[in-house]
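Text of protein25.pdb, listed as PDB, C-alpha atoms:
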```
MODEL        1
ATOM      1  CA  GLY U   1    -114.856   6.144 -29.758
ATOM      2  CA  CYS U   2    -115.087   4.826 -26.262
ATOM      3  CA  VAL U   3    -115.251   7.278 -23.313
ATOM      4  CA  ASN U   4    -114.449   6.480 -19.691
ATOM      5  CA  THR U   5    -115.033   8.986 -16.851
ATOM      6  CA  ASP U   6    -113.740   9.006 -13.274
ATOM      7  CA  GLN U   7    -113.545  11.511 -10.398
ATOM      8  CA  ILE U   8    -110.653  12.334  -8.073
ATOM      9  CA  VAL U   9    -111.152  14.293  -4.857
ATOM     10  CA  VAL U  10    -108.124  16.224  -3.568
ATOM     11  CA  ASN U  11    -108.478  17.100   0.091
ATOM     12  CA  LYS U  12    -106.560  19.876   1.766
ATOM     13  CA  ASP U  13    -103.827  18.596   4.065
ATOM     14  CA  ASP U  14    -104.738  20.172   7.379
ATOM     15  CA  LYS U  15    -101.243  19.449   8.557
ATOM     16  CA  ALA U  16     -99.553  21.624   5.887
ATOM     17  CA  ILE U  17     -97.628  24.699   7.034
ATOM     18  CA  ASP U  18     -99.655  27.802   6.276
ATOM     19  CA  GLY U  19     -97.885  30.537   8.239
ATOM     20  CA  ILE U  20     -94.848  31.728  10.217
ATOM     21  CA  ASN U  21     -95.136  34.157  13.102
ATOM     22  CA  ILE U  22     -92.151  36.448  13.553
ATOM     23  CA  GLU U  23     -90.862  39.468  15.466
ATOM     24  CA  LEU U  24     -88.467  41.995  13.950
ATOM     25  CA  ASP U  25     -85.944  44.401  15.470
ATOM     26  CA  SER U  26     -85.311  47.248  13.056
ATOM     27  CA  ILE U  27     -81.946  48.382  11.702
ATOM     28  CA  SER U  28     -80.627  51.121  14.008
ATOM     29  CA  CYS U  29     -78.546  53.155  11.533
ATOM     30  CA  TYR U  30     -78.082  53.454   7.801
ATOM     31  CA  ASN U  31     -76.581  50.297   6.243
ATOM     32  CA  LYS U  32     -75.813  48.868   9.672
ATOM     33  CA  GLY U  33     -76.276  45.104   9.952
ATOM     34  CA  ASP U  34     -77.814  44.986  13.417
ATOM     35  CA  GLY U  35     -81.382  43.928  12.693
ATOM     36  CA  GLU U  36     -82.862  40.797  14.249
ATOM     37  CA  VAL U  37     -85.467  38.275  13.077
ATOM     38  CA  ARG U  38     -87.117  35.999  15.654
ATOM     39  CA  ILE U  39     -89.403  33.132  14.675
ATOM     40  CA  ILE U  40     -91.948  32.788  17.479
ATOM     41  CA  GLY U  41     -94.305  30.228  16.010
ATOM     42  CA  VAL U  42     -95.445  28.178  13.026
ATOM     43  CA  THR U  43     -99.056  27.695  11.948
ATOM     44  CA  GLY U  44     -99.815  24.203  10.687
ATOM     45  CA  GLY U  45     -97.239  21.595   9.883
ATOM     46  CA  THR U  46     -95.846  18.842  12.018
ATOM     47  CA  PRO U  47     -93.087  19.488  14.572
ATOM     48  CA  ASP U  48     -90.163  19.437  14.867
ATOM     49  CA  PHE U  49     -89.417  22.456  12.698
ATOM     50  CA  LYS U  50     -86.196  23.636  11.156
ATOM     51  CA  TYR U  51     -85.522  27.103   9.825
ATOM     52  CA  SER U  52     -83.394  28.884   7.264
ATOM     53  CA  LEU U  53     -82.683  32.537   6.490
ATOM     54  CA  ASP U  54     -81.737  33.585   2.977
ATOM     55  CA  GLY U  55     -80.787  30.106   1.834
ATOM     56  CA  SER U  56     -78.727  29.056   4.829
ATOM     57  CA  ASN U  57     -78.767  25.440   6.006
ATOM     58  CA  TYR U  58     -81.863  24.330   7.882
ATOM     59  CA  THR U  59     -81.290  24.242  11.656
ATOM     60  CA  ALA U  60     -83.282  24.516  14.850
ATOM     61  CA  GLN U  61     -82.075  28.125  15.204
ATOM     62  CA  SER U  62     -85.082  30.422  15.387
ATOM     63  CA  THR U  63     -83.355  33.782  16.072
ATOM     64  CA  TYR U  64     -81.162  35.545  13.499
ATOM     65  CA  SER U  65     -79.058  38.499  14.599
ATOM     66  CA  ASN U  66     -76.881  40.950  12.682
ATOM     67  CA  VAL U  67     -79.281  41.037   9.768
ATOM     68  CA  GLY U  68     -78.781  43.846   7.275
ATOM     69  CA  PRO U  69     -81.387  46.013   5.580
ATOM     70  CA  GLY U  70     -83.381  44.902   2.552
ATOM     71  CA  ASN U  71     -85.314  41.844   1.413
ATOM     72  CA  HIS U  72     -84.907  38.480   3.132
ATOM     73  CA  VAL U  73     -86.637  35.089   3.023
ATOM     74  CA  ILE U  74     -87.415  32.926   6.058
ATOM     75  CA  ARG U  75     -87.978  29.256   5.292
ATOM     76  CA  VAL U  76     -89.411  26.599   7.585
ATOM     77  CA  GLU U  77     -89.433  22.836   7.085
ATOM     78  CA  ASP U  78     -91.420  20.379   9.224
ATOM     79  CA  VAL U  79     -90.624  16.791  10.107
ATOM     80  CA  ASN U  80     -92.407  15.559   6.967
ATOM     81  CA  GLY U  81     -90.321  17.736   4.658
ATOM     82  CA  CYS U  82     -93.125  20.232   4.038
ATOM     83  CA  LYS U  83     -91.798  23.753   3.496
ATOM     84  CA  TYR U  84     -93.061  27.286   3.693
ATOM     85  CA  ASP U  85     -91.444  30.593   2.678
ATOM     86  CA  LEU U  86     -92.069  34.007   4.209
ATOM     87  CA  PRO U  87     -90.632  37.180   2.606
ATOM     88  CA  VAL U  88     -89.332  39.723   5.139
ATOM     89  CA  TYR U  89     -88.201  43.316   4.598
ATOM     90  CA  LEU U  90     -86.015  45.314   6.990
ATOM     91  CA  ASP U  91     -86.152  49.030   6.299
ATOM     92  CA  ASN U  92     -82.883  50.950   5.917
ATOM     93  CA  PRO U  93     -83.018  54.113   8.073
ATOM     94  CA  LYS U  94     -82.258  57.466   6.524
ATOM     95  CA  GLU U  95     -78.540  58.147   6.336
ATOM     96  CA  VAL U  96     -77.132  60.716   8.747
ATOM     97  CA  TRP U  97     -74.438  62.889   7.206
ATOM     98  CA  VAL U  98     -72.884  66.255   7.889
ATOM     99  CA  GLU U  99     -71.005  68.574   5.545
ATOM    100  CA  LEU U 100     -68.960  71.532   6.785
ATOM    101  CA  GLY U 101     -67.886  72.777   3.379
ATOM    102  CA  ASN U 102     -64.503  73.406   1.840
ATOM    103  CA  ASN U 103     -61.363  74.188   3.812
ATOM    104  CA  LYS U 104     -60.597  77.885   4.226
ATOM    105  CA  VAL U 105     -57.575  80.156   4.238
ATOM    106  CA  ILE U 106     -57.815  83.294   6.372
ATOM    107  CA  ALA U 107     -55.612  86.115   7.551
ATOM    108  CA  GLU U 108     -54.534  86.124  11.172
ATOM    109  CA  GLY U 109     -57.286  87.674  13.314
ATOM    110  CA  ASP U 110     -60.178  86.866  10.946
ATOM    111  CA  VAL U 111     -63.382  85.296  12.283
ATOM    112  CA  VAL U 112     -65.115  82.300  10.652
ATOM    113  CA  THR U 113     -68.581  80.899  11.371
ATOM    114  CA  ILE U 114     -68.841  77.193  10.538
ATOM    115  CA  THR U 115     -72.433  76.213   9.689
ATOM    116  CA  PRO U 116     -72.990  72.476   9.164
ATOM    117  CA  ASP U 117     -75.316  71.036   6.547
ATOM    118  CA  VAL U 118     -76.981  68.024   8.195
ATOM    119  CA  SER U 119     -79.017  65.480   6.236
ATOM    120  CA  ILE U 120     -81.862  65.275   8.744
ATOM    121  CA  GLY U 121     -81.704  68.890   9.937
ATOM    122  CA  VAL U 122     -80.042  70.307  13.026
ATOM    123  CA  ASN U 123     -83.279  70.015  15.043
ATOM    124  CA  GLY U 124     -83.090  66.215  14.933
ATOM    125  CA  VAL U 125     -79.503  65.852  16.083
ATOM    126  CA  THR U 126     -76.928  66.947  18.612
ATOM    127  CA  ILE U 127     -73.623  68.325  17.364
ATOM    128  CA  ASP U 128     -70.373  68.126  19.293
ATOM    129  CA  TRP U 129     -67.428  70.191  18.101
ATOM    130  CA  THR U 130     -63.743  69.587  18.761
ATOM    131  CA  SER U 131     -60.543  70.980  17.323
ATOM    132  CA  ASN U 132     -57.059  69.827  16.386
ATOM    133  CA  PRO U 133     -54.813  71.084  17.895
ATOM    134  CA  PRO U 134     -57.098  70.553  20.895
ATOM    135  CA  GLY U 135     -58.124  73.304  23.232
ATOM    136  CA  SER U 136     -61.516  74.458  22.057
ATOM    137  CA  ASN U 137     -64.931  72.823  21.828
ATOM    138  CA  CYS U 138     -68.595  73.719  21.506
ATOM    139  CA  ALA U 139     -70.880  70.928  22.717
ATOM    140  CA  GLY U 140     -74.428  71.119  21.352
ATOM    141  CA  CYS U 141     -73.848  74.225  19.206
ATOM    142  CA  ASP U 142     -75.767  74.381  15.917
ATOM    143  CA  GLU U 143     -72.874  76.407  14.462
ATOM    144  CA  TRP U 144     -69.477  77.549  15.683
ATOM    145  CA  THR U 145     -67.796  80.920  15.361
ATOM    146  CA  VAL U 146     -64.019  80.694  15.691
ATOM    147  CA  ARG U 147     -60.949  82.921  15.463
ATOM    148  CA  PRO U 148     -57.976  80.561  15.184
ATOM    149  CA  GLY U 149     -54.551  81.947  15.887
ATOM    150  CA  ILE U 150     -52.880  79.087  14.038
ATOM    151  CA  THR U 151     -53.942  76.610  11.387
ATOM    152  CA  THR U 152     -56.635  74.461  13.033
ATOM    153  CA  THR U 153     -58.935  71.617  12.003
ATOM    154  CA  TYR U 154     -62.475  71.764  13.388
ATOM    155  CA  ILE U 155     -64.436  68.504  13.675
ATOM    156  CA  ALA U 156     -68.221  68.173  13.928
ATOM    157  CA  THR U 157     -69.712  64.914  15.226
ATOM    158  CA  VAL U 158     -73.456  64.635  14.580
ATOM    159  CA  ARG U 159     -75.597  62.179  16.535
ATOM    160  CA  ASP U 160     -79.313  61.476  16.039
ATOM    161  CA  LYS U 161     -81.826  60.122  18.580
ATOM    162  CA  ASN U 162     -80.876  56.520  17.701
ATOM    163  CA  GLY U 163     -77.195  57.166  18.343
ATOM    164  CA  CYS U 164     -76.288  57.151  14.650
ATOM    165  CA  THR U 165     -73.300  59.378  13.973
ATOM    166  CA  ALA U 166     -71.607  61.228  11.128
ATOM    167  CA  VAL U 167     -68.362  63.190  11.177
ATOM    168  CA  ASP U 168     -66.873  65.909   8.993
ATOM    169  CA  SER U 169     -64.035  68.358   9.407
ATOM    170  CA  MET U 170     -62.835  71.694   8.089
ATOM    171  CA  GLU U 171     -59.266  72.944   8.112
ATOM    172  CA  ILE U 172     -58.853  76.675   8.541
ATOM    173  CA  ARG U 173     -55.351  77.668   7.513
ATOM    174  CA  VAL U 174     -54.120  80.888   9.047
ATOM    175  CA  LYS U 175     -51.767  82.987   6.948
ATOM    176  CA  SER U 176     -49.615  84.520   9.632
ATOM    177  CA  ILE U 177     -47.283  87.447   9.140
ATOM    178  CA  ILE U 178     -44.143  86.085  10.762
ATOM    179  CA  ARG U 179     -41.730  88.728  11.974
ATOM    180  CA  VAL U 180     -38.144  87.605  12.432
ATOM    181  CA  PHE U 181     -35.113  89.762  13.122
ATOM    182  CA  ILE U 182     -31.642  88.288  12.658
ATOM    183  CA  PRO U 183     -28.773  90.783  13.018
ATOM    184  CA  ASN U 184     -26.265  91.157  10.208
ATOM    185  CA  VAL U 185     -23.698  92.910  12.418
ATOM    186  CA  ILE U 186     -22.676  92.408  16.035
ATOM    187  CA  SER U 187     -20.010  94.160  18.096
ATOM    188  CA  PRO U 188     -19.272  92.004  21.168
ATOM    189  CA  ASN U 189     -17.413  94.672  23.157
ATOM    190  CA  ASN U 190     -19.636  94.505  26.251
ATOM    191  CA  ASP U 191     -21.140  97.945  25.745
ATOM    192  CA  GLY U 192     -24.628  96.463  25.951
ATOM    193  CA  ILE U 193     -25.417  97.247  22.297
ATOM    194  CA  ASN U 194     -25.461  94.456  19.683
ATOM    195  CA  ASP U 195     -23.112  92.335  21.774
ATOM    196  CA  VAL U 196     -24.839  89.024  20.941
ATOM    197  CA  PHE U 197     -26.117  87.309  17.801
ATOM    198  CA  TYR U 198     -29.537  85.775  18.556
ATOM    199  CA  VAL U 199     -32.953  85.342  16.921
ATOM    200  CA  GLN U 200     -35.723  87.804  17.742
ATOM    201  CA  THR U 201     -39.285  86.946  16.640
ATOM    202  CA  ASP U 202     -42.962  87.516  17.329
ATOM    203  CA  GLN U 203     -45.321  84.979  18.935
ATOM    204  CA  ASN U 204     -45.615  82.967  15.702
ATOM    205  CA  ILE U 205     -42.205  81.356  16.316
ATOM    206  CA  VAL U 206     -42.092  78.968  19.271
ATOM    207  CA  ASN U 207     -38.704  77.300  18.930
ATOM    208  CA  VAL U 208     -35.263  77.703  17.419
ATOM    209  CA  LYS U 209     -34.730  74.131  16.285
ATOM    210  CA  SER U 210     -31.106  74.782  15.399
ATOM    211  CA  MET U 211     -28.682  77.682  14.972
ATOM    212  CA  THR U 212     -25.187  77.124  13.602
ATOM    213  CA  ILE U 213     -22.462  79.674  12.868
ATOM    214  CA  TYR U 214     -19.630  78.885  10.412
ATOM    215  CA  ASN U 215     -16.441  80.739   9.603
ATOM    216  CA  ARG U 216     -15.389  81.347   6.028
ATOM    217  CA  TRP U 217     -13.635  77.952   5.870
ATOM    218  CA  GLY U 218     -16.807  76.127   6.945
ATOM    219  CA  ASP U 219     -15.699  75.383  10.476
ATOM    220  CA  VAL U 220     -18.455  75.453  13.091
ATOM    221  CA  GLN U 221     -17.941  78.349  15.501
ATOM    222  CA  TYR U 222     -21.151  77.950  17.486
ATOM    223  CA  SER U 223     -24.123  75.561  17.483
ATOM    224  CA  VAL U 224     -27.247  75.186  19.632
ATOM    225  CA  LYS U 225     -30.473  73.233  19.302
ATOM    226  CA  ASP U 226     -34.039  73.527  20.612
ATOM    227  CA  ILE U 227     -33.818  76.877  22.345
ATOM    228  CA  PRO U 228     -36.481  79.561  22.752
ATOM    229  CA  PRO U 229     -36.301  82.664  20.580
ATOM    230  CA  ASN U 230     -35.751  86.137  22.023
ATOM    231  CA  VAL U 231     -33.341  84.931  24.708
ATOM    232  CA  GLU U 232     -30.007  86.733  24.447
ATOM    233  CA  SER U 233     -28.215  84.298  26.733
ATOM    234  CA  HIS U 234     -28.723  81.524  24.138
ATOM    235  CA  GLY U 235     -27.049  83.592  21.438
ATOM    236  CA  TRP U 236     -23.504  83.793  20.063
ATOM    237  CA  ASN U 237     -21.045  86.268  21.562
ATOM    238  CA  GLY U 238     -18.618  86.208  18.653
ATOM    239  CA  ARG U 239     -16.241  83.717  20.250
ATOM    240  CA  PHE U 240     -15.062  80.250  19.366
ATOM    241  CA  GLY U 241     -14.977  78.697  22.821
ATOM    242  CA  GLU U 242     -12.959  81.145  24.872
ATOM    243  CA  GLN U 243     -11.177  82.519  21.837
ATOM    244  CA  ARG U 244     -12.239  85.795  20.291
ATOM    245  CA  ALA U 245     -12.786  85.869  16.566
ATOM    246  CA  ASN U 246     -10.357  87.791  14.442
ATOM    247  CA  THR U 247     -12.244  90.947  13.611
ATOM    248  CA  PRO U 248     -13.614  92.359  11.543
ATOM    249  CA  ALA U 249     -14.752  89.083  10.009
ATOM    250  CA  VAL U 250     -17.777  87.683   8.216
ATOM    251  CA  PHE U 251     -19.484  84.475   9.370
ATOM    252  CA  VAL U 252     -22.304  82.419   7.881
ATOM    253  CA  TYR U 253     -25.377  81.312   9.853
ATOM    254  CA  TYR U 254     -27.891  78.535   9.228
ATOM    255  CA  ILE U 255     -31.046  78.717  11.377
ATOM    256  CA  VAL U 256     -34.182  76.548  11.483
ATOM    257  CA  LEU U 257     -37.244  78.004  13.244
ATOM    258  CA  VAL U 258     -40.495  76.251  14.201
ATOM    259  CA  THR U 259     -43.850  78.039  13.912
ATOM    260  CA  ARG U 260     -46.845  77.657  16.197
ATOM    261  CA  ASP U 261     -48.505  75.271  13.755
ATOM    262  CA  GLY U 262     -45.423  73.058  13.501
ATOM    263  CA  ARG U 263     -43.930  74.293  10.225
ATOM    264  CA  GLU U 264     -40.192  74.723   9.880
ATOM    265  CA  ILE U 265     -38.649  77.824   8.299
ATOM    266  CA  THR U 266     -34.989  78.028   7.338
ATOM    267  CA  TYR U 267     -32.907  81.200   7.332
ATOM    268  CA  LYS U 268     -29.413  81.480   5.845
ATOM    269  CA  GLY U 269     -27.199  84.512   5.705
ATOM    270  CA  ASP U 270     -24.080  86.171   7.013
ATOM    271  CA  VAL U 271     -23.157  88.274  10.020
ATOM    272  CA  THR U 272     -20.210  90.593  10.426
ATOM    273  CA  VAL U 273     -18.409  90.672  13.755
ATOM    274  CA  LEU U 274     -16.835  93.988  14.720
ATOM    275  CA  ARG U 275     -14.967  95.116  17.828
TER     276      ARG U 275
ENDMDL
END
```

Show the structure stored in the file as structure tokens.
Amino acid sequence: GCVNTDQIVVNKDDKAIDGINIELDSISCYNKGDGEVRIIGVTGGTPDFKYSLDGSNYTAQSTYSNVGPGNHVIRVEDVNGCKYDLPVYLDNPKEVWVELGNNKVIAEGDVVTITPDVSIGVNGVTIDWTSNPPGSNCAGCDEWTVRPGITTTYIATVRDKNGCTAVDSMEIRVKSIIRVFIPNVISPNNDGINDVFYVQTDQNIVNVKSMTIYNRWGDVQYSVKDIPPNVESHGWNGRFGEQRANTPAVFVYYIVLVTRDGREITYKGDVTVLR
């Protein structure tokens, strides 16, 4: 058979793109899309250059903001259509989290120390404490010892050196012993003893939302709303207007009280009026 031999020399195109120079701004906080990629130069190739990030359309834009963590690809294309790809990785910072534990139920007067579990350790963060209802705080405390008088939610806000934050809360429910005295007999004869029907309570009751007195036929004899407890002048003197009740007689009351933590408690019963 016949044999024919030839040689081909392939020369390197000195004008091909062989590199991209970039600057990176790191992600500030876990999973936050605030990284930045800046293309500051291209090695080789023929201007003008166009760029693309992660498959976007080629444009003259050379700075990409709001870039999330993970793997990315920068592409450059020169005026001759030559292209070059550069893989880029933006690290995802360690997540900042805080855990205060389960909610608690305590007796009135008990003391609780709240110790946070922080992902990066308490030495690498600052902790600000607040409460709801407001009124107490503990800025910069590694832990917080509290004695709530009412059910309270305590909130810990953790912040690291980069300003990354995490929040958790714990509700401490206070089981209060609520003392309420509602008379079952009054004798409105102006002798200064049991002359008035009114609600007497301890400090756990802050408001008498409503108090209504009915006769045995269901007619309203007396009604007040939003009055303080323990005030005799807001009570019922056994009269319907200026008219004295026929005595002895039995009346029915319906009372709604409001506790310090906003709960409503209803009391129903009867009271006998004597002379």

Measuring between only C-alpha atoms, which one of U:Ile120, U:Ala107, U:Leu274, U:Cys164 shows the shortest distance to Gly149 (chain U)?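 Checking each candidate against Gly149 (chain U), we get U:Ala107 as the closest.
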
Using CA of Thr201 (chain U) and CA of Ile178 (chain U) as the two end points, give the distance in Å to one decimal.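 Pair CA of Thr201 (chain U) / CA of Ile178 (chain U) returns 7.7 Å.
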
Go through the shown structure with the PyMOL selection byres ((chain U and resi 18-27) around 10) and write out the matching residues as JSON, numbers by chain. {"U": [14, 15, 16, 17, 28, 29, 30, 31, 32, 33, 34, 35, 36, 37, 38, 39, 40, 41, 42, 43, 44, 45, 62, 63, 64, 65, 66, 67, 68, 69, 70, 74, 75, 76, 83, 84, 85, 86, 88, 89, 90, 91, 92, 93]}

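Matched in the shown structure by the PyMOL selection byres ((chain U and resi 103) around 12): U:Glu99, U:Leu100, U:Gly101, U:Asn102, U:Lys104, U:Val105, U:Ile106, U:Val112, U:Ile114, U:Thr151, U:Thr152, U:Thr153, U:Tyr154, U:Ile155, U:Asp168, U:Ser169, U:Met170, U:Glu171, U:Ile172, U:Arg173, U:Val174.
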
Can you work out which one of U:Pro228, U:Pro116, U:Gly81, U:Gly238 has the shortest atom-to-atom distance to Glu143 (chain U), counting all atoms listed in the file?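 Of all the options, U:Pro116 lies closest to Glu143 (chain U).
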
Could you write out as a ChimeraX atom specification the residues that the PyMOL selection byres ((chain U and resi 124) around 12) matches in the shown file? /U:96,118-123,125-127,140,142,158-165

Around all of region 143-147 of chain U's listed atoms, make the axis-aligned box with 4 Å on each side and tell me centre and edge lengths in Å to one decimal, as lines of an AutoDock Vina configuration file.
```
center_x = -66.9
center_y = 79.7
center_z = 15.1
size_x = 19.9
size_y = 14.5
size_z = 9.2
```

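Of the listed residues (U:Ile205, U:Asn194, U:Leu53, U:Ser176), U:Ile205 comes nearest to Thr266 (chain U); the distances count only C-alpha atoms.
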
Let me make sure I understand: among U:Val111, U:Val180, U:Val146, U:Val250, which one has the smallest atom-to-atom distance to Asp270 (chain U) if we use only C-alpha atoms?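 For Asp270 (chain U), the nearest of the candidates is U:Val250.
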
Do a neighbour search on Val208 (chain U) at 10 Å with only C-alpha atoms, toss out local chain neighbours closer than 2 positions, and write the hits as a list in words.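 That gives Tyr198, Val199, Ile205, Val206, Ser210, Met211, Val224, Lys225, Asp226, Ile227, Pro228, Pro229, Asn230, Ile255, Val256, Leu257, Val258, Thr259, Glu264 and Ile265 of chain U.
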
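Residue nearest Lys268 (chain U), chosen from U:Gly235, U:Asn207, U:Pro183, U:Val196 and counting all atoms listed in the file: U:Pro183.
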